[in-house]
Amino acid sequence: TKDSQIDIGVDVLLPLSGYMDNLALIDTVETSIDFEIYDEIEEVEFRLETINSFPLSAEIQVVFLDENYQVLGQLYPQDTPLIGAAPVDSEGRVTQPASTVSFASLDRTQMENLLQMKYAVIYGTTSTTSAQNQQNVSFTEDATLDVKIGAKIFGHVEL
């Protein structure tokens, strides 16, 4: 929403080399959603596409809480890989970007629950490509992460 902002700032000198496996990240953001629920709307489907040239993947979940920190719902039915890690060569250099597409749907009841939302907890884990093999990868200045978000609204409209 207009009152929410997520800032992730890391100062590092690039190129950087190394690996990490299942680094956990979590943040609670105070937020709210203010929209009208129209009788015609039955479901909203979100589509997220990422094109990632970092040798790093991320599984992310968003949980919605009310003012008493009671769970109202979550964006995905389970922790979902939203950012795929770019593959690397034997030297740990990215060979091509990775593309990932994921979907999340909210039905009418879930949308109505979000009107009570006061907080969103965003958490996930991140690992570098081939971290399970302890392979070092290289992070370079030219790496990018492109994110595209879209939504479809489903319902019945009388003409």
# chains A, B, ... in the order shown; residues from 1 in each chain; ligands from 1
>>> residues_around(residues="region 48-56 of chain A", least_positions_apart="3", cutoff="10 Å", atoms="only C-alpha atoms", output="tab-separated table (two decimals) with N, CA, C and O atoms, in the first residue's frame")
chain	number	residue	atom	x	y	z
A	19	TYR	N	29.26	-18.88	-1.21
A	19	TYR	CA	28.00	-19.60	-1.32
A	19	TYR	C	27.24	-19.47	0.00
A	19	TYR	O	27.82	-19.16	1.04
A	20	MET	N	25.93	-19.68	-0.05
A	20	MET	CA	25.11	-19.73	1.16
A	20	MET	C	23.97	-20.70	0.90
A	20	MET	O	23.51	-20.87	-0.22
A	21	ASP	N	23.54	-21.35	1.97
A	21	ASP	CA	22.50	-22.36	1.86
A	21	ASP	C	21.44	-22.10	2.93
A	21	ASP	O	21.74	-22.11	4.13
A	82	LEU	N	9.92	-18.22	-5.71
A	82	LEU	CA	9.54	-17.08	-6.54
A	82	LEU	C	10.69	-16.59	-7.41
A	82	LEU	O	10.46	-15.96	-8.43
A	83	ILE	N	11.90	-16.86	-6.98
A	83	ILE	CA	13.08	-16.43	-7.74
A	83	ILE	C	13.96	-17.64	-7.95
A	83	ILE	O	14.46	-18.23	-6.99
A	84	GLY	N	14.11	-18.04	-9.20
A	84	GLY	CA	14.98	-19.16	-9.53
A	84	GLY	C	16.41	-18.70	-9.65
A	84	GLY	O	16.68	-17.60	-10.11
A	85	ALA	N	17.34	-19.55	-9.23
A	85	ALA	CA	18.76	-19.21	-9.31
A	85	ALA	C	19.27	-19.38	-10.73
A	85	ALA	O	18.98	-20.37	-11.40
A	86	ALA	N	20.04	-18.43	-11.18
A	86	ALA	CA	20.67	-18.54	-12.50
A	86	ALA	C	21.71	-19.65	-12.46
A	86	ALA	O	22.47	-19.77	-11.49
A	87	PRO	N	21.74	-20.49	-13.50
A	87	PRO	CA	22.75	-21.56	-13.53
A	87	PRO	C	24.16	-20.98	-13.69
A	87	PRO	O	24.33	-19.89	-14.24
A	88	VAL	N	25.13	-21.74	-13.20
A	88	VAL	CA	26.53	-21.29	-13.27
A	88	VAL	C	27.39	-22.37	-13.92
A	88	VAL	O	27.02	-23.53	-13.96
A	92	GLY	N	31.69	-20.99	-11.38
A	92	GLY	CA	30.73	-20.25	-10.55
A	92	GLY	C	30.19	-18.99	-11.20
A	92	GLY	O	29.54	-18.18	-10.55
A	93	ARG	N	30.42	-18.83	-12.50
A	93	ARG	CA	29.92	-17.65	-13.23
A	93	ARG	C	28.58	-17.98	-13.87
A	93	ARG	O	28.39	-19.08	-14.43
A	94	VAL	N	27.66	-17.04	-13.82
A	94	VAL	CA	26.33	-17.23	-14.38
A	94	VAL	C	26.43	-17.44	-15.89
A	94	VAL	O	27.13	-16.71	-16.59
A	95	THR	N	25.70	-18.46	-16.36
A	95	THR	CA	25.71	-18.76	-17.80
A	95	THR	C	24.50	-18.19	-18.52
A	95	THR	O	24.59	-17.91	-19.72
A	96	GLN	N	23.38	-18.04	-17.83
A	96	GLN	CA	22.18	-17.45	-18.43
A	96	GLN	C	21.20	-17.11	-17.30
A	96	GLN	O	21.27	-17.70	-16.23
A	97	PRO	N	20.29	-16.18	-17.54
A	97	PRO	CA	19.30	-15.85	-16.51
A	97	PRO	C	18.31	-17.00	-16.29
A	97	PRO	O	18.10	-17.83	-17.18
A	98	ALA	N	17.72	-17.04	-15.11
A	98	ALA	CA	16.68	-18.02	-14.79
A	98	ALA	C	15.34	-17.29	-14.79
A	98	ALA	O	15.22	-16.18	-14.29
A	99	SER	N	14.33	-17.93	-15.36
A	99	SER	CA	12.98	-17.35	-15.42
A	99	SER	C	12.05	-18.21	-14.56
A	99	SER	O	12.07	-19.43	-14.66
A	100	THR	N	11.25	-17.55	-13.72
A	100	THR	CA	10.31	-18.24	-12.85
A	100	THR	C	8.97	-17.53	-12.92
A	100	THR	O	8.90	-16.31	-12.87
A	101	VAL	N	7.90	-18.32	-13.04
A	101	VAL	CA	6.54	-17.77	-13.03
A	101	VAL	C	5.77	-18.46	-11.91
A	101	VAL	O	5.81	-19.68	-11.78
A	102	SER	N	5.09	-17.67	-11.09
A	102	SER	CA	4.28	-18.24	-10.02
A	102	SER	C	2.93	-17.53	-9.98
A	102	SER	O	2.80	-16.39	-10.44
A	103	PHE	N	1.96	-18.23	-9.43
A	103	PHE	CA	0.59	-17.71	-9.34
A	103	PHE	C	0.11	-17.79	-7.90
A	103	PHE	O	0.48	-18.70	-7.16
A	104	ALA	N	-0.71	-16.83	-7.51
A	104	ALA	CA	-1.38	-16.83	-6.20
A	104	ALA	C	-2.79	-16.35	-6.42
A	104	ALA	O	-3.02	-15.39	-7.18
A	126	THR	N	16.90	-18.23	1.16
A	126	THR	CA	17.63	-18.01	-0.06
A	126	THR	C	18.90	-18.85	-0.06
A	126	THR	O	19.49	-19.08	1.00
A	127	SER	N	19.26	-19.33	-1.23
A	127	SER	CA	20.47	-20.15	-1.39
A	127	SER	C	21.11	-19.80	-2.73
A	127	SER	O	20.42	-19.42	-3.67
A	128	THR	N	22.41	-19.98	-2.79
A	128	THR	CA	23.09	-19.78	-4.06
A	128	THR	C	22.99	-21.05	-4.90
A	128	THR	O	22.71	-22.14	-4.38
A	129	THR	N	23.21	-20.91	-6.18
A	129	THR	CA	23.22	-22.05	-7.10
A	129	THR	C	24.26	-23.06	-6.62
A	129	THR	O	25.37	-22.69	-6.27
A	130	SER	N	23.87	-24.33	-6.57
A	130	SER	CA	24.76	-25.43	-6.16
A	130	SER	C	25.30	-25.28	-4.75
A	130	SER	O	26.39	-25.78	-4.44
A	131	ALA	N	24.55	-24.62	-3.87
A	131	ALA	CA	25.01	-24.45	-2.48
A	131	ALA	C	25.15	-25.80	-1.78
A	131	ALA	O	26.04	-25.97	-0.94
A	136	ASN	N	31.33	-22.31	-4.81
A	136	ASN	CA	31.35	-20.85	-4.81
A	136	ASN	C	30.78	-20.32	-6.12
A	136	ASN	O	30.99	-20.91	-7.18
A	137	VAL	N	30.05	-19.22	-6.02
A	137	VAL	CA	29.51	-18.54	-7.19
A	137	VAL	C	29.97	-17.09	-7.16
A	137	VAL	O	30.40	-16.58	-6.12
A	138	SER	N	29.88	-16.42	-8.31
A	138	SER	CA	30.32	-15.03	-8.41
A	138	SER	C	29.13	-14.10	-8.58
A	138	SER	O	28.25	-14.34	-9.40
A	139	PHE	N	29.12	-13.03	-7.78
A	139	PHE	CA	28.14	-11.96	-7.92
A	139	PHE	C	28.86	-10.80	-8.60
A	139	PHE	O	29.92	-10.37	-8.13
A	140	THR	N	28.30	-10.33	-9.70
A	140	THR	CA	28.95	-9.27	-10.47
A	140	THR	C	28.03	-8.05	-10.59
A	140	THR	O	26.82	-8.13	-10.34
A	141	GLU	N	28.61	-6.93	-10.97
A	141	GLU	CA	27.87	-5.67	-11.09
A	141	GLU	C	26.79	-5.70	-12.16
A	141	GLU	O	25.82	-4.95	-12.09
A	142	ASP	N	26.92	-6.55	-13.15
A	142	ASP	CA	25.96	-6.55	-14.25
A	142	ASP	C	24.75	-7.46	-14.00
A	142	ASP	O	23.85	-7.55	-14.83
A	143	ALA	N	24.69	-8.13	-12.85
A	143	ALA	CA	23.55	-9.00	-12.54
A	143	ALA	C	22.29	-8.16	-12.29
A	143	ALA	O	22.36	-7.06	-11.73
A	144	THR	N	21.14	-8.69	-12.73
A	144	THR	CA	19.88	-7.97	-12.58
A	144	THR	C	18.78	-8.93	-12.13
A	144	THR	O	18.87	-10.14	-12.32
A	145	LEU	N	17.74	-8.35	-11.56
A	145	LEU	CA	16.52	-9.08	-11.21
A	145	LEU	C	15.36	-8.26	-11.74
A	145	LEU	O	15.13	-7.15	-11.30
A	146	ASP	N	14.65	-8.82	-12.74
A	146	ASP	CA	13.48	-8.17	-13.30
A	146	ASP	C	12.24	-8.84	-12.73
A	146	ASP	O	12.16	-10.07	-12.71
A	147	VAL	N	11.28	-8.04	-12.27
A	147	VAL	CA	10.06	-8.55	-11.67
A	147	VAL	C	8.86	-7.94	-12.40
A	147	VAL	O	8.80	-6.72	-12.57
A	148	LYS	N	7.94	-8.81	-12.83
A	148	LYS	CA	6.71	-8.36	-13.47
A	148	LYS	C	5.54	-8.94	-12.68
A	148	LYS	O	5.53	-10.13	-12.37
A	149	ILE	N	4.59	-8.09	-12.34
A	149	ILE	CA	3.42	-8.52	-11.57
A	149	ILE	C	2.17	-8.17	-12.36
A	149	ILE	O	2.05	-7.06	-12.90
A	150	GLY	N	1.24	-9.11	-12.42
A	150	GLY	CA	-0.03	-8.87	-13.09
A	150	GLY	C	-1.15	-9.46	-12.26
A	150	GLY	O	-0.93	-10.26	-11.35
A	151	ALA	N	-2.37	-9.07	-12.56
A	151	ALA	CA	-3.53	-9.60	-11.83
A	151	ALA	C	-4.69	-9.79	-12.79
A	151	ALA	O	-4.87	-9.02	-13.73
>>> residues_around(residues="His156 (chain A)", least_positions_apart="6", cutoff="9 Å", atoms="only C-alpha atoms", output="list of chain:residue names")
A:Asp39, A:Glu40, A:Ile41, A:Glu42
>>> atom_distance(atom1="CA of Ile60 (chain A)", atom2="CA of Asp27 (chain A)")
11.4 Å
>>> residues_around(residues="Leu75 (chain A)", least_positions_apart="2", cutoff="8 Å", atoms="only C-alpha atoms", output="number ranges by chain")
A: 61-64, 73, 77, 104-106
>>> residues_around(residues="Thr125 (chain A)", least_positions_apart="4", cutoff="7 Å", atoms="only C-alpha atoms", output="count of residues only")
7
>>> closest_residue(among="A:Gly124, A:Gly155, A:Glu43, A:Leu114", to="Pro81 (chain A)", atoms="only C-alpha atoms")
A:Gly124
>>> select_by_dssp(residues="region 1-157 of chain A", states="helix (DSSP H, G or I)", output="ChimeraX atom specification")
/A:108-114,131-133
>>> write_last_selection(atoms="all heavy atoms", output="short mmCIF file (atom, residue, chain, number, x, y, z; two decimals), in the first residue's frame")
data_model
loop_
_atom_site.label_atom_id
_atom_site.label_comp_id
_atom_site.auth_asym_id
_atom_site.auth_seq_id
_atom_site.Cartn_x
_atom_site.Cartn_y
_atom_site.Cartn_z
N ARG A 108 -13.03 -14.60 -2.61
CA ARG A 108 -13.77 -13.49 -2.01
C ARG A 108 -13.59 -13.45 -0.49
O ARG A 108 -13.38 -12.38 0.08
CB ARG A 108 -15.25 -13.58 -2.37
CG ARG A 108 -16.03 -12.40 -1.83
CD ARG A 108 -17.40 -12.31 -2.48
NE ARG A 108 -18.07 -11.13 -2.00
CZ ARG A 108 -17.89 -9.91 -2.46
NH1 ARG A 108 -17.05 -9.70 -3.45
NH2 ARG A 108 -18.53 -8.89 -1.96
N THR A 109 -13.65 -14.59 0.17
CA THR A 109 -13.49 -14.62 1.63
C THR A 109 -12.10 -14.14 2.03
O THR A 109 -11.96 -13.36 2.97
CB THR A 109 -13.73 -16.06 2.15
OG1 THR A 109 -15.04 -16.47 1.77
CG2 THR A 109 -13.58 -16.13 3.65
N GLN A 110 -11.09 -14.58 1.31
CA GLN A 110 -9.72 -14.15 1.61
C GLN A 110 -9.57 -12.64 1.40
O GLN A 110 -8.92 -11.97 2.20
CB GLN A 110 -8.72 -14.91 0.74
CG GLN A 110 -8.62 -16.38 1.08
CD GLN A 110 -7.85 -17.16 0.04
OE1 GLN A 110 -8.11 -17.04 -1.16
NE2 GLN A 110 -6.90 -17.97 0.49
N MET A 111 -10.18 -12.11 0.34
CA MET A 111 -10.10 -10.67 0.09
C MET A 111 -10.78 -9.89 1.21
O MET A 111 -10.28 -8.87 1.66
CB MET A 111 -10.71 -10.33 -1.27
CG MET A 111 -9.87 -10.78 -2.43
SD MET A 111 -10.53 -10.26 -4.04
CE MET A 111 -12.03 -11.20 -4.14
N GLU A 112 -11.93 -10.37 1.67
CA GLU A 112 -12.63 -9.71 2.77
C GLU A 112 -11.80 -9.75 4.05
O GLU A 112 -11.76 -8.78 4.80
CB GLU A 112 -14.01 -10.33 2.98
CG GLU A 112 -14.98 -9.98 1.86
CD GLU A 112 -16.30 -10.73 1.93
OE1 GLU A 112 -16.43 -11.68 2.75
OE2 GLU A 112 -17.20 -10.37 1.15
N ASN A 113 -11.11 -10.87 4.29
CA ASN A 113 -10.22 -10.97 5.46
C ASN A 113 -9.10 -9.95 5.41
O ASN A 113 -8.68 -9.42 6.44
CB ASN A 113 -9.63 -12.38 5.57
CG ASN A 113 -10.62 -13.40 6.07
OD1 ASN A 113 -11.67 -13.06 6.62
ND2 ASN A 113 -10.29 -14.66 5.88
N LEU A 114 -8.60 -9.65 4.20
CA LEU A 114 -7.50 -8.70 4.07
C LEU A 114 -7.88 -7.29 4.48
O LEU A 114 -7.02 -6.48 4.81
CB LEU A 114 -6.96 -8.69 2.64
CG LEU A 114 -6.19 -9.92 2.22
CD1 LEU A 114 -5.62 -9.73 0.82
CD2 LEU A 114 -5.08 -10.25 3.18
N ALA A 131 24.55 -24.62 -3.87
CA ALA A 131 25.01 -24.45 -2.48
C ALA A 131 25.15 -25.80 -1.78
O ALA A 131 26.04 -25.97 -0.94
CB ALA A 131 24.04 -23.56 -1.71
N GLN A 132 24.27 -26.74 -2.13
CA GLN A 132 24.35 -28.06 -1.49
C GLN A 132 25.67 -28.76 -1.78
O GLN A 132 26.11 -29.61 -1.03
CB GLN A 132 23.15 -28.95 -1.89
CG GLN A 132 23.13 -29.36 -3.35
CD GLN A 132 22.54 -28.31 -4.29
OE1 GLN A 132 22.26 -27.18 -3.92
NE2 GLN A 132 22.38 -28.69 -5.55
N ASN A 133 26.35 -28.36 -2.86
CA ASN A 133 27.67 -28.90 -3.20
C ASN A 133 28.79 -27.99 -2.71
O ASN A 133 29.95 -28.22 -3.03
CB ASN A 133 27.81 -29.08 -4.71
CG ASN A 133 26.80 -30.05 -5.27
OD1 ASN A 133 26.37 -30.97 -4.58
ND2 ASN A 133 26.39 -29.83 -6.50
#
>>> residues_around(residues="Lys152 (chain A)", least_positions_apart="3", cutoff="7 Å", atoms="only C-alpha atoms", output="ChimeraX atom specification")
/A:44-46
>>> closest_residue(among="A:Thr28, A:Asn68, A:Ser57, A:Ser90", to="Tyr123 (chain A)", atoms="only C-alpha atoms")
A:Thr28
>>> atom_distance(atom1="CA of Leu16 (chain A)", atom2="CA of Gln135 (chain A)")
13.4 Å
>>> closest_residue(among="A:Leu159, A:Met117, A:Ile153, A:Ile33", to="Asp66 (chain A)", atoms="only C-alpha atoms")
A:Met117
